[in-house]
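Below is data.tsv, which holds TSV, C-alpha atoms.
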chain	number	residue	atom	x	y	z
L	1	MET	CA	21.35	-24.85	-18.78
L	2	ALA	CA	18.11	-26.60	-17.66
L	3	THR	CA	16.12	-25.31	-20.64
L	4	GLN	CA	18.76	-26.47	-23.13
L	5	LEU	CA	17.32	-28.80	-25.75
L	6	LEU	CA	19.16	-32.11	-25.99
L	7	GLY	CA	17.59	-32.96	-29.32
L	8	GLN	CA	14.45	-31.81	-31.07
L	9	TYR	CA	12.10	-32.47	-28.17
L	10	LEU	CA	13.56	-33.00	-24.70
L	11	THR	CA	15.21	-30.43	-22.47
L	12	LEU	CA	18.00	-31.15	-20.06
L	13	LYS	CA	15.58	-30.45	-17.20
L	14	GLU	CA	13.15	-33.10	-18.47
L	15	PHE	CA	15.99	-35.59	-18.84
L	16	CYS	CA	17.34	-34.93	-15.35
L	17	THR	CA	14.10	-34.64	-13.34
L	18	CYS	CA	11.82	-37.34	-14.78
L	19	THR	CA	12.29	-40.04	-12.14
L	20	ARG	CA	9.73	-40.64	-9.40
L	21	THR	CA	12.57	-40.55	-6.87
L	22	TYR	CA	13.64	-37.08	-7.96
L	23	ARG	CA	10.07	-35.74	-8.02
L	24	LYS	CA	9.47	-37.13	-4.52
L	25	ASP	CA	12.77	-35.94	-2.99
L	26	ALA	CA	13.77	-32.98	-5.19
L	27	ASP	CA	14.84	-30.89	-2.19
L	28	TYR	CA	17.70	-33.33	-1.50
L	29	ILE	CA	18.98	-34.02	-5.02
L	30	ASP	CA	20.94	-31.94	-7.52
L	31	PRO	CA	19.87	-33.71	-10.73
L	32	TYR	CA	22.25	-32.01	-13.17
L	33	PRO	CA	25.62	-33.12	-14.59
L	34	SER	CA	28.78	-32.02	-12.82
L	35	ASN	CA	30.84	-32.80	-15.96
L	36	PRO	CA	28.69	-31.01	-18.56
L	37	ASP	CA	31.48	-30.65	-21.13
L	38	GLU	CA	31.45	-34.42	-21.68
L	39	THR	CA	28.03	-35.48	-20.41
L	40	LEU	CA	25.91	-33.03	-22.43
L	41	PRO	CA	27.28	-34.18	-25.82
L	42	ALA	CA	26.58	-37.81	-24.80
L	43	LEU	CA	22.98	-36.96	-23.84
L	44	GLU	CA	22.56	-34.98	-27.07
L	45	ALA	CA	23.82	-37.92	-29.14
L	46	LEU	CA	21.38	-40.29	-27.39
L	47	CYS	CA	18.50	-37.94	-28.11
L	48	ARG	CA	19.51	-37.21	-31.69
L	49	CYS	CA	20.17	-40.84	-32.67
L	50	VAL	CA	17.56	-42.76	-30.65
L	51	VAL	CA	15.00	-40.64	-28.78
L	52	ASP	CA	14.18	-38.15	-31.53
L	53	PRO	CA	13.48	-40.85	-34.17
L	54	VAL	CA	11.22	-42.70	-31.70
L	55	ILE	CA	9.31	-39.49	-30.93
L	56	ASP	CA	9.09	-38.73	-34.67
L	57	GLU	CA	7.50	-42.15	-35.16
L	58	PHE	CA	5.02	-42.13	-32.27
L	59	GLY	CA	4.56	-38.48	-31.28
L	60	HIS	CA	5.80	-36.44	-28.35
L	61	ASP	CA	2.45	-36.70	-26.55
L	62	ARG	CA	2.78	-40.52	-26.35
L	63	PHE	CA	6.45	-40.57	-25.28
L	64	LEU	CA	6.94	-41.12	-21.54
L	65	LEU	CA	10.48	-40.74	-20.21
L	66	THR	CA	10.75	-42.61	-16.91
L	67	TYR	CA	14.50	-42.46	-16.23
L	68	GLY	CA	17.04	-40.24	-17.94
L	69	PHE	CA	20.27	-38.90	-16.55
L	70	CYS	CA	21.47	-40.07	-13.12
L	71	SER	CA	23.53	-37.46	-11.28
L	72	ALA	CA	25.94	-38.36	-8.48
L	73	ASP	CA	23.39	-36.94	-6.01
L	74	LEU	CA	20.59	-39.09	-7.44
L	75	LYS	CA	22.87	-42.15	-7.37
L	76	ARG	CA	23.61	-41.57	-3.67
L	77	TRP	CA	19.93	-41.00	-2.89
L	78	LEU	CA	18.83	-44.18	-4.71
L	79	ALA	CA	21.28	-46.19	-2.58
L	80	LYS	CA	19.81	-44.86	0.69
L	81	LYS	CA	17.02	-46.66	2.52
L	82	ASP	CA	13.67	-45.01	2.98
L	83	PRO	CA	13.19	-44.67	6.75
L	84	ALA	CA	9.47	-45.50	6.48
L	85	THR	CA	9.82	-48.68	4.40
L	86	GLY	CA	13.39	-49.79	5.04
L	87	LYS	CA	13.82	-50.30	1.29
L	88	LYS	CA	16.28	-48.52	-0.95
L	89	HIS	CA	14.85	-45.53	-2.80
L	90	GLY	CA	15.72	-47.23	-6.07
L	91	ILE	CA	18.19	-49.23	-8.05
L	92	ALA	CA	21.25	-47.84	-9.79
L	93	THR	CA	24.06	-49.77	-11.44
L	94	PRO	CA	26.23	-46.90	-12.65
L	95	SER	CA	29.15	-49.08	-13.72
L	96	LEU	CA	26.92	-50.84	-16.27
L	97	ASP	CA	23.79	-48.94	-17.23
L	98	GLN	CA	25.21	-45.71	-18.76
L	99	HIS	CA	22.61	-43.47	-17.03
L	100	MET	CA	25.47	-41.43	-15.51
L	101	ALA	CA	26.88	-40.75	-18.99
L	102	HIS	CA	30.37	-39.22	-18.65
L	103	GLU	CA	30.22	-38.24	-14.99
L	104	VAL	CA	33.38	-38.78	-12.96
L	105	ASN	CA	33.84	-39.86	-9.35
L	106	ARG	CA	36.07	-38.29	-6.68
L	107	ASN	CA	39.07	-40.13	-8.11
L	108	GLY	CA	38.52	-38.63	-11.55
L	109	ARG	CA	37.33	-41.93	-13.06
L	110	TYR	CA	34.17	-42.38	-15.06
L	111	TYR	CA	31.37	-44.06	-13.12
L	112	CYS	CA	30.73	-46.13	-16.26
L	113	ASP	CA	33.70	-46.97	-18.48
L	114	ARG	CA	31.29	-47.78	-21.32
L	115	LEU	CA	30.57	-44.04	-21.63
L	116	GLY	CA	27.66	-42.92	-23.81
L	117	ALA	CA	24.28	-42.23	-22.19
L	118	ALA	CA	21.04	-44.09	-21.44
L	119	CYS	CA	17.37	-43.57	-20.73
L	120	ASP	CA	14.25	-45.60	-19.98
L	121	PHE	CA	10.96	-44.82	-21.68
L	122	ARG	CA	7.74	-46.22	-23.03
L	123	ILE	CA	5.16	-45.23	-25.60
L	124	LEU	CA	1.68	-44.83	-24.15
L	125	ASP	CA	-0.85	-47.36	-25.50
L	126	LEU	CA	1.87	-49.45	-27.14
L	127	PRO	CA	3.28	-52.71	-25.78
L	128	SER	CA	7.02	-52.42	-25.25
L	129	ASP	CA	7.75	-55.41	-27.49
L	130	ALA	CA	6.13	-53.47	-30.37
L	131	LEU	CA	8.37	-50.52	-29.48
L	132	VAL	CA	11.45	-52.76	-29.67
L	133	ASP	CA	10.16	-54.12	-33.01
L	134	CYS	CA	10.11	-50.56	-34.33
L	135	ILE	CA	13.57	-49.65	-32.99
L	136	VAL	CA	15.09	-52.78	-34.54
L	137	ALA	CA	13.20	-52.34	-37.85
L	138	GLN	CA	14.37	-48.71	-38.09
L	139	ARG	CA	17.93	-49.95	-37.47
L	140	LEU	CA	18.50	-47.27	-34.89
L	141	PRO	CA	22.04	-47.30	-33.57
L	142	PHE	CA	22.18	-48.26	-29.92
L	143	ASP	CA	24.56	-49.87	-27.50
L	144	SER	CA	22.28	-51.87	-25.18
L	145	LEU	CA	18.53	-52.36	-24.99
L	146	TYR	CA	16.87	-53.97	-21.96
L	147	PHE	CA	13.37	-55.36	-22.42
L	148	TYR	CA	11.66	-55.75	-19.03
L	149	GLY	CA	8.21	-56.79	-20.27
L	150	HIS	CA	5.31	-55.81	-22.49
L	151	ASP	CA	3.88	-53.26	-20.06
L	152	ARG	CA	7.14	-51.80	-18.73
L	153	PRO	CA	9.49	-49.13	-20.08
L	154	ILE	CA	12.54	-50.20	-22.07
L	155	HIS	CA	16.11	-49.17	-21.28
L	156	ILE	CA	18.25	-48.05	-24.20
L	157	SER	CA	21.75	-46.64	-24.39
L	158	TYR	CA	23.78	-44.97	-27.08
L	159	GLY	CA	27.54	-45.10	-26.77
L	160	PRO	CA	30.76	-45.62	-28.64
L	161	GLN	CA	30.48	-49.41	-28.63
L	162	HIS	CA	27.28	-49.58	-30.75
L	163	LYS	CA	26.88	-53.23	-29.73
L	164	ARG	CA	23.15	-53.33	-30.58
L	165	ASP	CA	22.82	-55.86	-27.77
L	166	ILE	CA	19.37	-56.81	-26.42
L	167	TRP	CA	18.62	-58.44	-23.10
L	168	GLY	CA	15.41	-59.64	-21.50
L	169	PHE	CA	14.97	-60.30	-17.79
L	170	THR	CA	13.44	-63.13	-15.81
L	171	ALA	CA	10.82	-62.50	-13.13
L	172	LYS	CA	13.67	-62.43	-10.58
L	173	GLY	CA	15.56	-59.79	-12.58
L	174	THR	CA	18.24	-62.06	-14.05
L	175	PRO	CA	19.41	-61.06	-17.55
L	176	THR	CA	18.51	-63.57	-20.25
L	177	ARG	CA	18.50	-63.89	-24.03
L	178	ARG	CA	15.22	-65.82	-23.86
L	179	GLY	CA	12.53	-63.84	-25.64
L	180	THR	CA	14.97	-61.59	-27.49
L	181	GLU	CA	16.08	-64.06	-30.17
L	182	ARG	CA	13.96	-62.65	-33.01
L	183	TRP	CA	15.31	-59.14	-32.45
L	184	LEU	CA	18.89	-60.35	-32.23
L	185	MET	CA	18.41	-62.33	-35.46
L	186	GLN	CA	17.01	-59.24	-37.19
L	187	ILE	CA	19.99	-57.21	-36.04
L	188	ARG	CA	22.48	-59.82	-37.24
L	189	THR	CA	20.88	-59.98	-40.69
L	190	SER	CA	20.55	-56.21	-41.19
L	191	LYS	CA	23.13	-53.59	-41.90
L	192	VAL	CA	24.61	-51.98	-38.83
L	193	PHE	CA	25.12	-48.23	-38.90
Can I see the file as structure tokens?
Amino acid sequence: MATQLLGQYLTLKEFCTCTRTYRKDADYIDPYPSNPDETLPALEALCRCVVDPVIDEFGHDRFLLTYGFCSADLKRWLAKKDPATGKKHGIATPSLDQHMAHEVNRNGRYYCDRLGAACDFRILDLPSDALVDCIVAQRLPFDSLYFYGHDRPIHISYGPQHKRDIWGFTAKGTPTRRGTERWLMQIRTSKVF
């Protein structure tokens, strides 16, 4: 299963093991989906509709995936505090960010009711605002796109809602529309797929 291609370029293993947290603590984390019948098609759709066209445009050697699929194990590990620093291993908002795709909790409910799938990535030697320019100009279908800054990866999801919603973030991490207006205007005036 790990070597399965999700699209033209990325394997399931790459998508599930790309985070720094996983690479640092791999012995403690099962990074793979526990609901593959639903999660794998969602990851494949994300790759086919968003990731593959971006890689086609910029090249696989420049594409840097920083956060792909979040398994239940990774979610639990991110919520734990590092004993050395006292800080959480990372941040996960599974009910909103779609990184858990179609995974279900102990009660049989989806972690994220929005379904779909998400990933964070950047293109080496390209400011992230130029990457968003390209995604919007290509009219790629997406659900949500989070722009964190020129030199940071973007977050993008693909799901059944196809909202094509874009958010920026303040220095304190608060979502804002400030700085995203031109992209939102482009989206409103273009055809939606």
### Task
Using atom CA of L:Leu10 and atom CA of L:Asp30 as the two end points, give the distance in Å to one decimal.
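It comes out at 18.7 Å.
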### Query
When you draw a straight line from atom CA of L:Gly7 to atom CA of L:Glu44, how long is it in Å?
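If I compute the distance from atom CA of L:Gly7 to atom CA of L:Glu44, I get 5.8 Å.
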### Message
Need the shell around stretch 162-179 of chain L: protein/DNA/RNA residues with any atom at most 8 Å away, counting all atoms listed in the file. Skip same-chain ones fewer than 4 positions apart. Format as a PyMOL selection string?
### Response
chain L and resi 141-149+158+183-184+187
### Query
Between L:Asp97, L:Asp25, L:Cys119, L:Leu124, which has the minimum distance to L:Lys80 (counting only C-alpha atoms)?
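Between L:Asp97, L:Asp25, L:Cys119, L:Leu124, the residue approaching L:Lys80 most closely is L:Asp25.
Our summary of the geometry notes that atom CA of L:Asp129 is positioned 18.9 Å from atom CA of L:Asp52.
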### Query
Using all atoms listed in the file, which of L:Met100, L:Pro41, L:Ile123, L:Arg139 sits nearest L:Arg62?
L:Ile123
### Query
L:Thr3: which residues within 7 Å, counting only C-alpha atoms, same-chain residues fewer than 6 positions away excluded, as a list in words?
Thr11, Leu12 and Lys13 of chain L
### Task
Might you pull out every residue within 7 Å of L:Ser128, with all atoms listed in the file counted and same-chain residues fewer than 6 positions away left off, and present them as a list in words?
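In the requested format, the answer is Arg122, Gly149, His150, Asp151, Arg152, Pro153 and Ile154 of chain L.
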### Task
Using all atoms listed in the file, find all polymer residues with an atom at most 9 Å away from the point (22.9, -32.5, -12.1); report them as a PyMOL selection string.
chain L and resi 16+29-36+69-74
Restricted to C-alpha atoms, what would the selected residues look like written as a PDB file, in the frame of the given file?
ATOM      1  CA  CYS L  16      17.340 -34.930 -15.350  1.00  0.00           C
ATOM      2  CA  ILE L  29      18.980 -34.020  -5.020  1.00  0.00           C
ATOM      3  CA  ASP L  30      20.940 -31.940  -7.520  1.00  0.00           C
ATOM      4  CA  PRO L  31      19.870 -33.710 -10.730  1.00  0.00           C
ATOM      5  CA  TYR L  32      22.250 -32.010 -13.170  1.00  0.00           C
ATOM      6  CA  PRO L  33      25.620 -33.120 -14.590  1.00  0.00           C
ATOM      7  CA  SER L  34      28.780 -32.020 -12.820  1.00  0.00           C
ATOM      8  CA  ASN L  35      30.840 -32.800 -15.960  1.00  0.00           C
ATOM      9  CA  PRO L  36      28.690 -31.010 -18.560  1.00  0.00           C
ATOM     10  CA  PHE L  69      20.270 -38.900 -16.550  1.00  0.00           C
ATOM     11  CA  CYS L  70      21.470 -40.070 -13.120  1.00  0.00           C
ATOM     12  CA  SER L  71      23.530 -37.460 -11.280  1.00  0.00           C
ATOM     13  CA  ALA L  72      25.940 -38.360  -8.480  1.00  0.00           C
ATOM     14  CA  ASP L  73      23.390 -36.940  -6.010  1.00  0.00           C
ATOM     15  CA  LEU L  74      20.590 -39.090  -7.440  1.00  0.00           C
TER      16      LEU L  74
END
Please identify all polymer residues within 10 Å of L:Arg114, counting all atoms listed in the file, omitting same-chain residues fewer than 5 positions from it, and present them as a PDB file with C-alpha atoms, keeping the file's coordinate frame.
ATOM      1  CA  SER L  95      29.150 -49.080 -13.720  1.00  0.00           C
ATOM      2  CA  LEU L  96      26.920 -50.840 -16.270  1.00  0.00           C
ATOM      3  CA  ASP L  97      23.790 -48.940 -17.230  1.00  0.00           C
ATOM      4  CA  GLN L  98      25.210 -45.710 -18.760  1.00  0.00           C
ATOM      5  CA  ALA L 101      26.880 -40.750 -18.990  1.00  0.00           C
ATOM      6  CA  HIS L 102      30.370 -39.220 -18.650  1.00  0.00           C
ATOM      7  CA  ASP L 143      24.560 -49.870 -27.500  1.00  0.00           C
ATOM      8  CA  TYR L 158      23.780 -44.970 -27.080  1.00  0.00           C
ATOM      9  CA  GLY L 159      27.540 -45.100 -26.770  1.00  0.00           C
ATOM     10  CA  PRO L 160      30.760 -45.620 -28.640  1.00  0.00           C
ATOM     11  CA  GLN L 161      30.480 -49.410 -28.630  1.00  0.00           C
TER      12      GLN L 161
END
Output, as lines of an AutoDock Vina configuration file, the centre and edge lengths in Å (one decimal) of the axis-aligned box that contains all listed atoms of stretch 57-69 of chain L with 4 Å of margin on each side.
center_x = 11.4
center_y = -39.5
center_z = -25.7
size_x = 25.8
size_y = 14.2
size_z = 26.9
### Message
Calculated over all atoms listed in the file, which of the candidates L:Asp133, L:Asp82, L:Glu14, L:Asp125 has the smallest distance to L:Leu43?
### Response
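The answer is L:Glu14, which sits nearest to L:Leu43.
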### Query
Nearest to L:Asn105: which of L:Cys18, L:Leu46, L:Lys75, L:Val54 is it, counting all atoms listed in the file?
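The answer is L:Lys75, which sits nearest to L:Asn105.
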Will you model N, CA and C atoms for stretch 163-181 of chain L and pass it back as a compact mmCIF listing (two decimals), in the coordinates of the input?
# COMPACT_ATOMS: atom_id res chain seq x y z
N LYS L 163 27.00 -51.78 -29.74
CA LYS L 163 26.88 -53.23 -29.73
C LYS L 163 25.56 -53.73 -30.32
N ARG L 164 24.51 -52.92 -30.19
CA ARG L 164 23.15 -53.33 -30.58
C ARG L 164 22.81 -54.66 -29.90
N ASP L 165 23.03 -54.68 -28.59
CA ASP L 165 22.82 -55.86 -27.77
C ASP L 165 21.46 -55.74 -27.07
N ILE L 166 20.70 -56.82 -27.04
CA ILE L 166 19.37 -56.81 -26.42
C ILE L 166 19.30 -57.91 -25.36
N TRP L 167 18.80 -57.51 -24.20
CA TRP L 167 18.62 -58.44 -23.10
C TRP L 167 17.19 -58.39 -22.59
N GLY L 168 16.66 -59.55 -22.23
CA GLY L 168 15.41 -59.64 -21.50
C GLY L 168 15.75 -59.95 -20.06
N PHE L 169 14.74 -60.02 -19.21
CA PHE L 169 14.97 -60.30 -17.79
C PHE L 169 13.93 -61.28 -17.29
N THR L 170 14.36 -62.19 -16.43
CA THR L 170 13.44 -63.13 -15.81
C THR L 170 12.62 -62.40 -14.75
N ALA L 171 11.65 -63.09 -14.19
CA ALA L 171 10.82 -62.50 -13.13
C ALA L 171 11.66 -62.11 -11.92
N LYS L 172 12.79 -62.76 -11.71
CA LYS L 172 13.67 -62.43 -10.58
C LYS L 172 14.70 -61.36 -10.93
N GLY L 173 14.65 -60.86 -12.18
CA GLY L 173 15.56 -59.79 -12.58
C GLY L 173 16.90 -60.25 -13.13
N THR L 174 17.00 -61.53 -13.49
CA THR L 174 18.24 -62.06 -14.05
C THR L 174 18.25 -61.82 -15.56
N PRO L 175 19.34 -61.26 -16.10
CA PRO L 175 19.41 -61.06 -17.55
C PRO L 175 19.35 -62.38 -18.30
N THR L 176 18.65 -62.37 -19.43
CA THR L 176 18.51 -63.57 -20.25
C THR L 176 18.38 -63.17 -21.72
N ARG L 177 18.72 -64.10 -22.59
CA ARG L 177 18.50 -63.89 -24.03
C ARG L 177 17.13 -64.43 -24.44
N ARG L 178 16.52 -65.23 -23.56
CA ARG L 178 15.22 -65.82 -23.86
C ARG L 178 14.20 -64.72 -24.15
N GLY L 179 13.53 -64.83 -25.26
CA GLY L 179 12.53 -63.84 -25.64
C GLY L 179 13.07 -62.72 -26.51
N THR L 180 14.38 -62.65 -26.67
CA THR L 180 14.97 -61.59 -27.49
C THR L 180 15.53 -62.12 -28.80
N GLU L 181 15.42 -63.42 -29.03
CA GLU L 181 16.08 -64.06 -30.17
C GLU L 181 15.67 -63.45 -31.51
